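A.B. asks: Input protein_2.tsv, format and content: TSV, N, CA and C atoms and all ligand atoms.
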chain	number	residue	atom	x	y	z
F	25	MET	N	18.63	3.03	-3.00
F	25	MET	CA	17.43	3.57	-3.64
F	25	MET	C	16.21	2.81	-3.15
F	26	SER	N	15.11	3.47	-2.91
F	26	SER	CA	13.91	2.83	-2.42
F	26	SER	C	13.31	1.90	-3.47
F	27	ALA	N	12.77	0.79	-3.02
F	27	ALA	CA	12.14	-0.16	-3.93
F	27	ALA	C	10.62	-0.04	-3.86
F	28	THR	N	10.12	1.09	-3.32
F	28	THR	CA	8.69	1.26	-3.17
F	28	THR	C	8.00	1.32	-4.53
F	29	HIS	N	7.01	0.47	-4.70
F	29	HIS	CA	6.26	0.44	-5.95
F	29	HIS	C	4.78	0.68	-5.74
F	30	ALA	N	4.36	0.72	-4.49
F	30	ALA	CA	2.93	0.71	-4.23
F	30	ALA	C	2.58	1.70	-3.13
F	31	VAL	N	1.29	1.96	-3.03
F	31	VAL	CA	0.75	2.74	-1.93
F	31	VAL	C	-0.43	2.00	-1.35
F	32	THR	N	-0.74	2.27	-0.10
F	32	THR	CA	-1.95	1.71	0.50
F	32	THR	C	-3.15	2.46	-0.08
F	33	ARG	N	-4.33	2.01	0.28
F	33	ARG	CA	-5.54	2.69	-0.19
F	33	ARG	C	-5.58	4.14	0.26
F	34	ALA	N	-4.96	4.39	1.41
F	34	ALA	CA	-4.93	5.75	1.94
F	34	ALA	C	-3.84	6.59	1.29
F	35	GLY	N	-3.04	5.96	0.44
F	35	GLY	CA	-2.01	6.72	-0.26
F	35	GLY	C	-0.66	6.70	0.40
F	36	THR	N	-0.52	5.91	1.46
F	36	THR	CA	0.76	5.81	2.15
F	36	THR	C	1.70	4.88	1.38
F	37	PRO	N	2.94	5.30	1.11
F	37	PRO	CA	3.87	4.41	0.41
F	37	PRO	C	4.04	3.08	1.15
F	38	TRP	N	4.08	2.01	0.39
F	38	TRP	CA	4.19	0.67	0.96
F	38	TRP	C	5.17	-0.14	0.12
F	39	GLU	N	6.12	-0.77	0.79
F	39	GLU	CA	7.17	-1.50	0.07
F	39	GLU	C	6.90	-3.00	0.06
F	40	PRO	N	6.62	-3.59	-1.08
F	40	PRO	CA	6.40	-5.04	-1.14
F	40	PRO	C	7.66	-5.81	-0.75
F	41	VAL	N	7.45	-6.99	-0.14
F	41	VAL	CA	8.57	-7.88	0.20
F	41	VAL	C	8.32	-9.20	-0.51
F	42	TYR	N	8.93	-9.35	-1.66
F	42	TYR	CA	8.67	-10.51	-2.51
F	42	TYR	C	9.35	-11.77	-1.97
F	43	LEU	N	8.68	-12.91	-2.16
F	43	LEU	CA	9.28	-14.19	-1.79
F	43	LEU	C	10.33	-14.56	-2.82
F	44	LEU	N	11.58	-14.70	-2.38
F	44	LEU	CA	12.69	-15.00	-3.28
F	44	LEU	C	13.03	-16.48	-3.29
F	45	SER	N	13.05	-17.10	-2.12
F	45	SER	CA	13.43	-18.51	-2.06
F	45	SER	C	12.98	-19.11	-0.74
F	46	ILE	N	12.99	-20.44	-0.69
F	46	ILE	CA	12.68	-21.19	0.54
F	46	ILE	C	13.81	-22.20	0.76
F	47	ASP	N	14.32	-22.25	1.97
F	47	ASP	CA	15.40	-23.17	2.32
F	47	ASP	C	14.82	-24.57	2.50
F	48	ALA	N	15.07	-25.44	1.53
F	48	ALA	CA	14.49	-26.79	1.55
F	48	ALA	C	14.99	-27.61	2.73
F	49	ALA	N	16.17	-27.28	3.24
F	49	ALA	CA	16.71	-28.03	4.37
F	49	ALA	C	15.94	-27.73	5.66
F	50	GLU	N	15.30	-26.56	5.72
F	50	GLU	CA	14.58	-26.16	6.92
F	50	GLU	C	13.07	-26.31	6.79
F	51	CYS	N	12.55	-26.23	5.59
F	51	CYS	CA	11.10	-26.26	5.37
F	51	CYS	C	10.49	-27.58	5.82
F	52	LEU	N	9.34	-27.49	6.52
F	52	LEU	CA	8.63	-28.67	7.01
F	52	LEU	C	7.61	-29.19	6.02
F	53	GLY	N	7.34	-28.40	4.99
F	53	GLY	CA	6.27	-28.79	4.07
F	53	GLY	C	4.90	-28.75	4.72
F	54	CYS	N	4.73	-27.89	5.70
F	54	CYS	CA	3.49	-27.85	6.47
F	54	CYS	C	2.31	-27.28	5.68
F	55	GLY	N	2.61	-26.47	4.67
F	55	GLY	CA	1.56	-25.93	3.82
F	55	GLY	C	0.92	-24.65	4.30
F	56	ARG	N	1.37	-24.12	5.43
F	56	ARG	CA	0.74	-22.90	5.95
F	56	ARG	C	0.91	-21.72	5.00
F	57	CYS	N	2.08	-21.59	4.42
F	57	CYS	CA	2.31	-20.50	3.48
F	57	CYS	C	1.46	-20.66	2.22
F	58	PHE	N	1.31	-21.88	1.77
F	58	PHE	CA	0.50	-22.17	0.58
F	58	PHE	C	-0.94	-21.71	0.80
F	59	LYS	N	-1.45	-21.97	1.99
F	59	LYS	CA	-2.85	-21.65	2.28
F	59	LYS	C	-3.13	-20.15	2.28
F	60	VAL	N	-2.15	-19.35	2.65
F	60	VAL	CA	-2.41	-17.91	2.74
F	60	VAL	C	-2.05	-17.16	1.46
F	61	CYS	N	-1.40	-17.82	0.53
F	61	CYS	CA	-1.01	-17.14	-0.70
F	61	CYS	C	-2.16	-17.15	-1.70
F	62	GLY	N	-2.57	-15.99	-2.10
F	62	GLY	CA	-3.66	-15.88	-3.06
F	62	GLY	C	-3.18	-15.74	-4.49
F	63	ARG	N	-1.90	-15.94	-4.73
F	63	ARG	CA	-1.33	-15.69	-6.06
F	63	ARG	C	-0.77	-16.94	-6.74
F	64	ASN	N	-0.98	-18.10	-6.15
F	64	ASN	CA	-0.52	-19.35	-6.76
F	64	ASN	C	0.99	-19.34	-7.02
F	65	VAL	N	1.72	-18.78	-6.08
F	65	VAL	CA	3.18	-18.69	-6.21
F	65	VAL	C	3.86	-19.99	-5.78
F	66	LEU	N	3.24	-20.67	-4.81
F	66	LEU	CA	3.91	-21.77	-4.14
F	66	LEU	C	3.42	-23.14	-4.61
F	67	ALA	N	4.28	-24.13	-4.46
F	67	ALA	CA	3.91	-25.50	-4.82
F	67	ALA	C	4.56	-26.47	-3.85
F	68	LEU	N	3.77	-27.44	-3.36
F	68	LEU	CA	4.31	-28.49	-2.50
F	68	LEU	C	5.01	-29.51	-3.39
F	69	THR	N	6.27	-29.76	-3.09
F	69	THR	CA	7.12	-30.54	-4.00
F	69	THR	C	7.69	-31.77	-3.28
F	70	PRO	N	7.55	-32.94	-3.88
F	70	PRO	CA	8.09	-34.16	-3.25
F	70	PRO	C	9.59	-34.30	-3.50
F	71	LEU	N	10.31	-34.68	-2.46
F	71	LEU	CA	11.76	-34.91	-2.58
F	71	LEU	C	12.08	-36.36	-2.26
F	72	ASP	N	13.13	-36.87	-2.88
F	72	ASP	CA	13.60	-38.21	-2.56
F	72	ASP	C	14.65	-38.14	-1.45
F	73	GLU	N	15.24	-39.24	-1.10
F	73	GLU	CA	16.18	-39.25	0.03
F	73	GLU	C	17.46	-38.48	-0.25
F	74	GLU	N	17.75	-38.20	-1.51
F	74	GLU	CA	18.92	-37.37	-1.85
F	74	GLU	C	18.58	-35.87	-1.88
F	75	GLY	N	17.32	-35.53	-1.64
F	75	GLY	CA	16.92	-34.13	-1.67
F	75	GLY	C	16.61	-33.63	-3.06
F	76	GLU	N	16.52	-34.54	-4.02
F	76	GLU	CA	16.14	-34.18	-5.38
F	76	GLU	C	14.63	-34.36	-5.54
F	77	VAL	N	14.06	-33.69	-6.54
F	77	VAL	CA	12.63	-33.83	-6.79
F	77	VAL	C	12.34	-35.29	-7.15
F	78	ALA	N	11.42	-35.90	-6.39
F	78	ALA	CA	11.09	-37.31	-6.60
F	78	ALA	C	10.26	-37.48	-7.87
F	79	GLU	N	10.70	-38.36	-8.72
F	79	GLU	CA	10.00	-38.62	-9.98
F	79	GLU	C	8.88	-39.64	-9.79
F	80	ASP	N	9.11	-40.60	-8.89
F	80	ASP	CA	8.11	-41.65	-8.66
F	80	ASP	C	7.60	-41.60	-7.23
F	81	GLU	N	6.35	-42.00	-7.07
F	81	GLU	CA	5.70	-41.92	-5.76
F	81	GLU	C	6.44	-42.72	-4.70
F	82	GLU	N	6.98	-43.87	-5.09
F	82	GLU	CA	7.65	-44.72	-4.10
F	82	GLU	C	9.00	-44.13	-3.64
F	83	ASP	N	9.50	-43.12	-4.37
F	83	ASP	CA	10.77	-42.49	-3.99
F	83	ASP	C	10.59	-41.29	-3.06
F	84	ILE	N	9.34	-40.93	-2.77
F	84	ILE	CA	9.10	-39.71	-1.98
F	84	ILE	C	9.52	-39.94	-0.53
F	85	GLU	N	10.43	-39.06	-0.06
F	85	GLU	CA	10.92	-39.12	1.32
F	85	GLU	C	10.19	-38.08	2.18
F	86	ARG	N	9.99	-36.89	1.59
F	86	ARG	CA	9.32	-35.80	2.30
F	86	ARG	C	8.88	-34.75	1.28
F	87	TYR	N	8.09	-33.80	1.79
F	87	TYR	CA	7.63	-32.71	0.93
F	87	TYR	C	8.21	-31.38	1.44
F	88	VAL	N	8.50	-30.50	0.52
F	88	VAL	CA	8.90	-29.13	0.87
F	88	VAL	C	8.14	-28.17	-0.02
F	89	MET	N	8.02	-26.94	0.44
F	89	MET	CA	7.38	-25.91	-0.38
F	89	MET	C	8.44	-25.28	-1.28
F	90	THR	N	8.06	-25.02	-2.52
F	90	THR	CA	8.98	-24.38	-3.46
F	90	THR	C	8.30	-23.16	-4.10
F	91	VAL	N	9.11	-22.29	-4.62
F	91	VAL	CA	8.62	-21.08	-5.29
F	91	VAL	C	8.43	-21.42	-6.77
F	92	ALA	N	7.20	-21.80	-7.11
F	92	ALA	CA	6.93	-22.31	-8.45
F	92	ALA	C	6.67	-21.19	-9.46
F	93	ASN	N	6.06	-20.13	-9.02
F	93	ASN	CA	5.70	-19.02	-9.92
F	93	ASN	C	6.14	-17.70	-9.31
F	94	ALA	N	7.45	-17.52	-9.24
F	94	ALA	CA	8.01	-16.37	-8.54
F	94	ALA	C	7.51	-15.04	-9.11
F	95	GLY	N	7.33	-14.99	-10.41
F	95	GLY	CA	6.94	-13.73	-11.04
F	95	GLY	C	5.53	-13.28	-10.71
F	96	ASP	N	4.72	-14.15	-10.12
F	96	ASP	CA	3.35	-13.78	-9.76
F	96	ASP	C	3.24	-13.24	-8.34
F	97	CYS	N	4.34	-13.26	-7.58
F	97	CYS	CA	4.31	-12.77	-6.20
F	97	CYS	C	4.10	-11.25	-6.19
F	98	ILE	N	3.19	-10.80	-5.31
F	98	ILE	CA	2.93	-9.37	-5.18
F	98	ILE	C	3.62	-8.78	-3.94
F	99	GLY	N	4.35	-9.63	-3.21
F	99	GLY	CA	5.11	-9.12	-2.08
F	99	GLY	C	4.29	-8.74	-0.88
F	100	CYS	N	3.17	-9.45	-0.67
F	100	CYS	CA	2.30	-9.10	0.46
F	100	CYS	C	2.90	-9.50	1.80
F	101	GLY	N	3.78	-10.52	1.81
F	101	GLY	CA	4.44	-10.94	3.04
F	101	GLY	C	3.64	-11.89	3.89
F	102	ALA	N	2.45	-12.28	3.45
F	102	ALA	CA	1.60	-13.16	4.26
F	102	ALA	C	2.28	-14.50	4.53
F	103	CYS	N	2.97	-15.05	3.54
F	103	CYS	CA	3.62	-16.35	3.72
F	103	CYS	C	4.69	-16.29	4.81
F	104	SER	N	5.36	-15.16	4.90
F	104	SER	CA	6.41	-15.00	5.91
F	104	SER	C	5.83	-15.00	7.32
F	105	ARG	N	4.68	-14.40	7.47
F	105	ARG	CA	4.09	-14.25	8.80
F	105	ARG	C	3.59	-15.58	9.37
F	106	VAL	N	3.31	-16.56	8.53
F	106	VAL	CA	2.77	-17.82	9.05
F	106	VAL	C	3.82	-18.93	9.16
F	107	CYS	N	5.03	-18.68	8.69
F	107	CYS	CA	6.06	-19.72	8.69
F	107	CYS	C	6.73	-19.82	10.05
F	108	ALA	N	6.63	-21.00	10.67
F	108	ALA	CA	7.22	-21.22	11.98
F	108	ALA	C	8.72	-21.51	11.91
F	109	LYS	N	9.24	-21.78	10.72
F	109	LYS	CA	10.63	-22.17	10.56
F	109	LYS	C	11.54	-21.02	10.10
F	110	ASP	N	10.95	-19.91	9.76
F	110	ASP	CA	11.75	-18.76	9.31
F	110	ASP	C	12.71	-19.17	8.18
F	111	CYS	N	12.19	-19.97	7.26
F	111	CYS	CA	13.06	-20.50	6.21
F	111	CYS	C	12.84	-19.85	4.85
F	112	GLN	N	12.11	-18.73	4.84
F	112	GLN	CA	11.86	-18.03	3.58
F	112	GLN	C	12.74	-16.78	3.49
F	113	GLU	N	13.18	-16.49	2.27
F	113	GLU	CA	13.93	-15.26	2.02
F	113	GLU	C	13.05	-14.32	1.22
F	114	HIS	N	12.92	-13.11	1.73
F	114	HIS	CA	12.11	-12.09	1.04
F	114	HIS	C	13.00	-10.90	0.70
F	115	GLY	N	12.60	-10.18	-0.32
F	115	GLY	CA	13.37	-9.01	-0.69
F	115	GLY	C	12.65	-8.15	-1.70
F	116	ALA	N	13.34	-7.15	-2.17
F	116	ALA	CA	12.78	-6.20	-3.13
F	116	ALA	C	12.73	-6.82	-4.52
F	117	ALA	N	11.94	-6.23	-5.38
F	117	ALA	CA	11.75	-6.76	-6.74
F	117	ALA	C	13.07	-6.80	-7.50
F	118	GLN	N	13.98	-5.88	-7.25
F	118	GLN	CA	15.24	-5.85	-7.97
F	118	GLN	C	16.07	-7.10	-7.73
F	119	ALA	N	15.80	-7.77	-6.58
F	119	ALA	CA	16.58	-8.95	-6.23
F	119	ALA	C	15.88	-10.23	-6.64
F	120	LEU	N	14.79	-10.12	-7.41
F	120	LEU	CA	14.00	-11.29	-7.75
F	120	LEU	C	14.83	-12.33	-8.47
F	121	LYS	N	14.70	-13.57	-8.00
F	121	LYS	CA	15.36	-14.69	-8.65
F	121	LYS	C	14.44	-15.88	-8.57
F	122	VAL	N	14.51	-16.76	-9.50
F	122	VAL	CA	13.67	-17.95	-9.51
F	122	VAL	C	14.35	-19.03	-8.69
F	123	ALA	N	13.63	-19.49	-7.65
F	123	ALA	CA	14.23	-20.50	-6.76
F	123	ALA	C	13.91	-21.90	-7.25
Y	1	LIG	S1	4.56	-12.62	-0.47
Y	1	LIG	FE1	2.28	-12.87	-0.73
Y	1	LIG	S2	1.99	-13.19	-2.95
Y	1	LIG	FE2	4.18	-13.55	-2.51
Y	1	LIG	S3	4.34	-15.79	-2.17
Y	1	LIG	FE3	4.06	-14.81	-0.15
Y	1	LIG	S4	1.80	-14.88	0.22
Y	1	LIG	FE4	2.15	-15.24	-2.01
Y	2	LIG	S1	5.15	-22.24	6.23
Y	2	LIG	FE1	7.42	-22.41	6.23
Y	2	LIG	S2	7.82	-24.53	6.92
Y	2	LIG	FE2	5.66	-24.44	6.28
Y	2	LIG	S3	5.68	-25.10	4.12
Y	2	LIG	FE3	5.82	-22.84	4.15
Y	2	LIG	S4	8.04	-22.40	4.05
Y	2	LIG	FE4	7.80	-24.55	4.68
Would you kindly transcribe this structure into structure tokens?
C.D. replies:
Amino acid sequence: MSATHAVTRAGTPWEPVYLLSIDAAECLGCGRCFKVCGRNVLALTPLDEEGEVAEDEEDIERYVMTVANAGDCIGCGACSRVCAKDCQEHGAAQALKVA
């Protein structure tokens, strides 16, 4: 079944591709996706050496992007187009899950 929920201004059906998850093992934490998202969906998150969210500043090993507000994504796909690591999963609204 089609997941089309929207049309372009010209009335052409358009299928949103919502951000479902980001692979933390592949993400560079570069922030490019964050910069192009106008919906405050993403958050740069500090990880410790075990790959868990770092609670203290001295435990931070690296940063990765996470899907902080999944329900606010409009499925524009802009974040996907700027990611050099191809580490994002996108899909239809029916498959929405909080990462
Ligand atoms: S698909 Fe669009 S709205 Fe959703 S996270 Fe990516 S840039 Fe933001
Ligand atoms: S653009 Fe890709 S590699 Fe960069 S922070 Fe976003 S998901 Fe990670």
A.B. asks: Please write out the residues within 6.5 Å of ligand LIG 2 (chain Y) as a count of residues only, counting only N, CA and C atoms and all ligand atoms.
C.D. replies: 20
A.B. asks: Show me which residues are within 8 Å of ligand LIG 1 (chain Y) counting all atoms listed in the file, and format the list as a list of chain:residue names.
C.D. replies: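 Protein and nucleic-acid residues within 8 Å of ligand LIG 1 (chain Y): F:Pro40, F:Val41, F:Tyr42, F:Leu43, F:Leu44, F:Cys57, F:Phe58, F:Lys59, F:Val60, F:Cys61, F:Gly62, F:Arg63, F:Asn64, F:Val65, F:Leu66, F:Val91, F:Asn93, F:Ala94, F:Asp96, F:Cys97, F:Ile98, F:Gly99, F:Cys100, F:Gly101, F:Ala102, F:Cys103, F:Ser104, F:Arg105, F:His114.
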A.B. asks: If you keep N, CA and C atoms, can you produce a file of those selected residues as a CSV table (one decimal), in the frame of the given file?
C.D. replies:
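For reference, again21.csv as written:
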chain,number,residue,atom,x,y,z
F,40,PRO,N,6.6,-3.6,-1.1
F,40,PRO,CA,6.4,-5.0,-1.1
F,40,PRO,C,7.7,-5.8,-0.8
F,41,VAL,N,7.4,-7.0,-0.1
F,41,VAL,CA,8.6,-7.9,0.2
F,41,VAL,C,8.3,-9.2,-0.5
F,42,TYR,N,8.9,-9.4,-1.7
F,42,TYR,CA,8.7,-10.5,-2.5
F,42,TYR,C,9.4,-11.8,-2.0
F,43,LEU,N,8.7,-12.9,-2.2
F,43,LEU,CA,9.3,-14.2,-1.8
F,43,LEU,C,10.3,-14.6,-2.8
F,44,LEU,N,11.6,-14.7,-2.4
F,44,LEU,CA,12.7,-15.0,-3.3
F,44,LEU,C,13.0,-16.5,-3.3
F,57,CYS,N,2.1,-21.6,4.4
F,57,CYS,CA,2.3,-20.5,3.5
F,57,CYS,C,1.5,-20.7,2.2
F,58,PHE,N,1.3,-21.9,1.8
F,58,PHE,CA,0.5,-22.2,0.6
F,58,PHE,C,-0.9,-21.7,0.8
F,59,LYS,N,-1.4,-22.0,2.0
F,59,LYS,CA,-2.8,-21.6,2.3
F,59,LYS,C,-3.1,-20.2,2.3
F,60,VAL,N,-2.2,-19.4,2.6
F,60,VAL,CA,-2.4,-17.9,2.7
F,60,VAL,C,-2.0,-17.2,1.5
F,61,CYS,N,-1.4,-17.8,0.5
F,61,CYS,CA,-1.0,-17.1,-0.7
F,61,CYS,C,-2.2,-17.2,-1.7
F,62,GLY,N,-2.6,-16.0,-2.1
F,62,GLY,CA,-3.7,-15.9,-3.1
F,62,GLY,C,-3.2,-15.7,-4.5
F,63,ARG,N,-1.9,-15.9,-4.7
F,63,ARG,CA,-1.3,-15.7,-6.1
F,63,ARG,C,-0.8,-16.9,-6.7
F,64,ASN,N,-1.0,-18.1,-6.2
F,64,ASN,CA,-0.5,-19.4,-6.8
F,64,ASN,C,1.0,-19.3,-7.0
F,65,VAL,N,1.7,-18.8,-6.1
F,65,VAL,CA,3.2,-18.7,-6.2
F,65,VAL,C,3.9,-20.0,-5.8
F,66,LEU,N,3.2,-20.7,-4.8
F,66,LEU,CA,3.9,-21.8,-4.1
F,66,LEU,C,3.4,-23.1,-4.6
F,91,VAL,N,9.1,-22.3,-4.6
F,91,VAL,CA,8.6,-21.1,-5.3
F,91,VAL,C,8.4,-21.4,-6.8
F,93,ASN,N,6.1,-20.1,-9.0
F,93,ASN,CA,5.7,-19.0,-9.9
F,93,ASN,C,6.1,-17.7,-9.3
F,94,ALA,N,7.4,-17.5,-9.2
F,94,ALA,CA,8.0,-16.4,-8.5
F,94,ALA,C,7.5,-15.0,-9.1
F,96,ASP,N,4.7,-14.2,-10.1
F,96,ASP,CA,3.4,-13.8,-9.8
F,96,ASP,C,3.2,-13.2,-8.3
F,97,CYS,N,4.3,-13.3,-7.6
F,97,CYS,CA,4.3,-12.8,-6.2
F,97,CYS,C,4.1,-11.2,-6.2
F,98,ILE,N,3.2,-10.8,-5.3
F,98,ILE,CA,2.9,-9.4,-5.2
F,98,ILE,C,3.6,-8.8,-3.9
F,99,GLY,N,4.4,-9.6,-3.2
F,99,GLY,CA,5.1,-9.1,-2.1
F,99,GLY,C,4.3,-8.7,-0.9
F,100,CYS,N,3.2,-9.4,-0.7
F,100,CYS,CA,2.3,-9.1,0.5
F,100,CYS,C,2.9,-9.5,1.8
F,101,GLY,N,3.8,-10.5,1.8
F,101,GLY,CA,4.4,-10.9,3.0
F,101,GLY,C,3.6,-11.9,3.9
F,102,ALA,N,2.4,-12.3,3.4
F,102,ALA,CA,1.6,-13.2,4.3
F,102,ALA,C,2.3,-14.5,4.5
F,103,CYS,N,3.0,-15.0,3.5
F,103,CYS,CA,3.6,-16.4,3.7
F,103,CYS,C,4.7,-16.3,4.8
F,104,SER,N,5.4,-15.2,4.9
F,104,SER,CA,6.4,-15.0,5.9
F,104,SER,C,5.8,-15.0,7.3
F,105,ARG,N,4.7,-14.4,7.5
F,105,ARG,CA,4.1,-14.2,8.8
F,105,ARG,C,3.6,-15.6,9.4
F,114,HIS,N,12.9,-13.1,1.7
F,114,HIS,CA,12.1,-12.1,1.0
F,114,HIS,C,13.0,-10.9,0.7
A.B. asks: Could you please determine the separation between atom C of Ala34 in chain F and atom N of Glu113 in chain F in Å, to one decimal place?
C.D. replies: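 Pair atom C of Ala34 in chain F / atom N of Glu113 in chain F returns 28.7 Å.
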A.B. asks: State, in Å with one decimal place, the distance from atom C of Asp80 in chain F to atom N of Ala92 in chain F.
C.D. replies: 19.8 Å
A.B. asks: Give me, please, the distance in Å between CA of Ala30 in chain F and CA of Asp47 in chain F, quoted to one decimal.
C.D. replies: 27.7 Å
A.B. asks: May I have all residues of chain F that DSSP, computed from the backbone, assigns to helix (DSSP H, G or I), given as a compact mmCIF listing (two decimals) with N, CA and C atoms, in the frame of the given file?
C.D. replies:
# COMPACT_ATOMS: atom_id res chain seq x y z
N ARG F 56 1.37 -24.12 5.43
CA ARG F 56 0.74 -22.90 5.95
C ARG F 56 0.91 -21.72 5.00
N CYS F 57 2.08 -21.59 4.42
CA CYS F 57 2.31 -20.50 3.48
C CYS F 57 1.46 -20.66 2.22
N PHE F 58 1.31 -21.88 1.77
CA PHE F 58 0.50 -22.17 0.58
C PHE F 58 -0.94 -21.71 0.80
N LYS F 59 -1.45 -21.97 1.99
CA LYS F 59 -2.85 -21.65 2.28
C LYS F 59 -3.13 -20.15 2.28
N VAL F 60 -2.15 -19.35 2.65
CA VAL F 60 -2.41 -17.91 2.74
C VAL F 60 -2.05 -17.16 1.46
N GLU F 81 6.35 -42.00 -7.07
CA GLU F 81 5.70 -41.92 -5.76
C GLU F 81 6.44 -42.72 -4.70
N GLU F 82 6.98 -43.87 -5.09
CA GLU F 82 7.65 -44.72 -4.10
C GLU F 82 9.00 -44.13 -3.64
N ASP F 83 9.50 -43.12 -4.37
CA ASP F 83 10.77 -42.49 -3.99
C ASP F 83 10.59 -41.29 -3.06
N ALA F 94 7.45 -17.52 -9.24
CA ALA F 94 8.01 -16.37 -8.54
C ALA F 94 7.51 -15.04 -9.11
N GLY F 95 7.33 -14.99 -10.41
CA GLY F 95 6.94 -13.73 -11.04
C GLY F 95 5.53 -13.28 -10.71
N ASP F 96 4.72 -14.15 -10.12
CA ASP F 96 3.35 -13.78 -9.76
C ASP F 96 3.24 -13.24 -8.34
N ALA F 102 2.45 -12.28 3.45
CA ALA F 102 1.60 -13.16 4.26
C ALA F 102 2.28 -14.50 4.53
N CYS F 103 2.97 -15.05 3.54
CA CYS F 103 3.62 -16.35 3.72
C CYS F 103 4.69 -16.29 4.81
N SER F 104 5.36 -15.16 4.90
CA SER F 104 6.41 -15.00 5.91
C SER F 104 5.83 -15.00 7.32
N ARG F 105 4.68 -14.40 7.47
CA ARG F 105 4.09 -14.25 8.80
C ARG F 105 3.59 -15.58 9.37
N VAL F 106 3.31 -16.56 8.53
CA VAL F 106 2.77 -17.82 9.05
C VAL F 106 3.82 -18.93 9.16
N ALA F 117 11.94 -6.23 -5.38
CA ALA F 117 11.75 -6.76 -6.74
C ALA F 117 13.07 -6.80 -7.50
N GLN F 118 13.98 -5.88 -7.25
CA GLN F 118 15.24 -5.85 -7.97
C GLN F 118 16.07 -7.10 -7.73
N ALA F 119 15.80 -7.77 -6.58
CA ALA F 119 16.58 -8.95 -6.23
C ALA F 119 15.88 -10.23 -6.64
A.B. asks: Determine the nearest neighbour of Asp83 in chain F from the options F:Arg33, F:Ala116, F:Leu71, F:Ser45, counting only N, CA and C atoms.
C.D. replies: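 Checking each of F:Arg33, F:Ala116, F:Leu71, F:Ser45 against Asp83 in chain F, counting only N, CA and C atoms, the winner is F:Leu71.
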A.B. asks: For Ala67 in chain F, which of F:Val31, F:Thr90, F:Gly95, F:Glu79 is the closest residue, counting only C-alpha atoms?
C.D. replies: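 Of F:Val31, F:Thr90, F:Gly95, F:Glu79, the one nearest Ala67 in chain F, counting only C-alpha atoms, is F:Thr90.
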A.B. asks: Taking the DSSP secondary structure from the backbone, can you list the residues of chain F that are strand (DSSP E or B), as a ChimeraX atom specification?
C.D. replies: /F:30-31,37-38,42-46,66-71,77,86-91,112-115
